[in-house]
Amino acid sequence: MFDTYQIVNTSFSVLSILVYVGGFFACVSFRKLSPMLLLAATGFAGLIVSSASARLCTYLLTSTSPDLEVLIYIAAGVVDVIANVLLVAGLWFALNEIRRRVALSLEPNHGGR
């Protein structure tokens with residue numbers, strides 16, 4: 001039973017990291033829409049680091065050094081919170097800027113029309 005749990009848990013962890021990698025590359029690819037997408041990409045990068053470090057900690061430090069394991073989990077948690085704040089802030093600012101540009105382009109007296 002424990003082996004099945006470990007396989008399922010690892011699979012979801014790896015899939016989560018792959019989703020973060022996809023989000024990172026999407027933000028970098030579309031950065032011309034808004035430079036603030038680089039802030040969101042930084043958030044995705046932080047999520048990759050925190051998730052990967054927590055996963056590696058599980059494999060490498062199993063019952064070797066419990067104190068070090070706790071410190072790594074705490075550090076990964078702090079990085080995770082900061083990364084989520086950067087991600088949300090980056091998306092907030094980017095979408096706000098994109099909304100503003102679209103609204104300007106839809107104005108009847110816009111110079112581009």
# chains A, B, ... in the order shown; residues from 1 in each chain; ligands from 1
$ residues_around --residues "A:Ser53" --least-positions-apart "5" --cutoff "9 Å" --atoms "only C-alpha atoms" --output "MDAnalysis selection string"
chainID A and resid 48 58 72:73 76
$ residues_around --residues "A:Ala41" --least-positions-apart "4" --cutoff "8 Å" --atoms "only C-alpha atoms" --output "JSON, numbers by chain"
{"A": [23, 24, 25, 27, 28, 37, 45, 87, 90]}
$ select_by_dssp --residues "chain A" --states "helix (DSSP H, G or I)" --output "ChimeraX atom specification"
/A:2-29,37-60,66-106
$ closest_residue --among "A:Pro66, A:Pro108, A:Gly43, A:Gly22" --to "A:Ala89" --atoms "only C-alpha atoms"
A:Gly43
$ closest_residue --among "A:Leu15, A:Val8, A:Leu86, A:Leu95" --to "A:Phe44" --atoms "only C-alpha atoms"
A:Leu86
$ closest_residue --among "A:Ser65, A:Ser13, A:Ser34, A:Ser29" --to "A:Ala52" --atoms "only C-alpha atoms"
A:Ser13
$ atom_distance --atom1 "atom CA of A:Ile74" --atom2 "atom CA of A:Met36"
28.1 Å
$ closest_residue --among "A:Val14, A:Ala40, A:Leu106, A:Val49" --to "A:Gly77" --atoms "only C-alpha atoms"
A:Val49
$ closest_residue --among "A:Val102, A:Leu33, A:Leu47, A:Cys57" --to "A:Ile82" --atoms "only C-alpha atoms"
A:Leu47
$ atom_distance --atom1 "atom CA of A:Thr42" --atom2 "atom CA of A:Asp67"
28.9 Å
